[in-house]
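Here the structure is laid out as structure tokens; the discussion comes afterwards.
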Amino acid sequence: MRPRCIWCSWRSALAVTVVAACSTFLPVAPAMAPSRSQREGPTALTYRALRDRGGFWRNLGDTLRYGETMEFVPVSTYHLRFAYTPEKIASYTEWPLGLGFGRALTDAQGNRREVFAIVHEDSAARVQCNLGYIYLWSQPLLASSRSVTLGAGYVLLLMGRWDWSYVPLPLILPIASLTVSRVSVESTFVPGWIGYGNVLFTWLQFRL
């Protein structure tokens, strides 16, 4: 019965997210419609009208509807050395296999929000599932271009692991990013104590 409960939990969490996102598409017109260049431009949505609609569920819906498609590739699960013995670290997977996809949207101020799902190996080489929402405040590093930016913000995460029977665990974590053109490196930190948590999880993000 456990596998059935696992998938029921995740299907329920995903269904709530999809229904809430779709509810934002009810006929509530923005103050102005996007031009063709705004719909098809590299940032997908940079006009003020939809940015000012506000609200978490509205922002989530706009990101899914108007955002760019992204690919996520996990690259590192780094365990802080003070929290683990060398023997324990040697038994862990710190270069996980995995893949994810999502949608990302940049507002008129250059800040980004992202919706994503990633499946990857955890430290014990078991399957881990992450479903999340990211908000990043961005700062360009070049005065003449936004092609290179630093970002910092938060991620709202539903995490499913084998040792919790894949029951979705809600987390709020810090996140930082470095973007060069259409590629980003993003890292989040999972706090903890000795022998648990204290992990820096890093992935690459590609704009498709």
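Residues in the structure tokens are named by chain (A, B, ... in the order shown) and by number from 1 within that chain; ligands are numbered from 1 in the order shown.
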(message) Can you pull out the residues contacting Thr149 in chain A? Cut-off 12 Å, using only C-alpha atoms, and skip same-chain residues under 2 positions away; I want them as a list in words.
(response) Gly110, Asn111, Arg112, Leu136, Trp137, Ser138, Gln139, Pro140, Leu141, Leu142, Ala143, Ser144, Ser145, Arg146, Ser147, Gly151, Ala152, Ala176, Ser177, Leu178, Thr179, Val180, Ser181, Arg182, Val183, Ser184, Val185 and Glu186 of chain A
(message) If you run DSSP on the backbone here, which positions in range 21-201 of chain A get strand (DSSP E or B)? Please write them as a PyMOL selection string.
(response) chain A and resi 68-79+98-106+112-121+127-142+145-160+169-180+183-190+193+196+199-201
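Counting only C-alpha atoms and comparing A:Gly160, A:Pro96, A:Gly67, A:Pro170, the residue that lies closest to Asp122 in chain A is A:Pro96.
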(message) Let me make sure I understand: among A:Asn130, A:Ser123, A:Gln109, A:Asn198, which one has the smallest atom-to-atom distance to Lys88 in chain A if we use only C-alpha atoms?
(response)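 Selected residue with least distance to Lys88 in chain A: A:Ser123.
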(request) Could you check how far CA of Pro168 in chain A sits from CA of Val127 in chain A, in Å to one decimal? (result) 13.4 Å
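The interatomic distance for the pair CA of Thr69 in chain A and CA of Leu200 in chain A works out to 24.7 Å.
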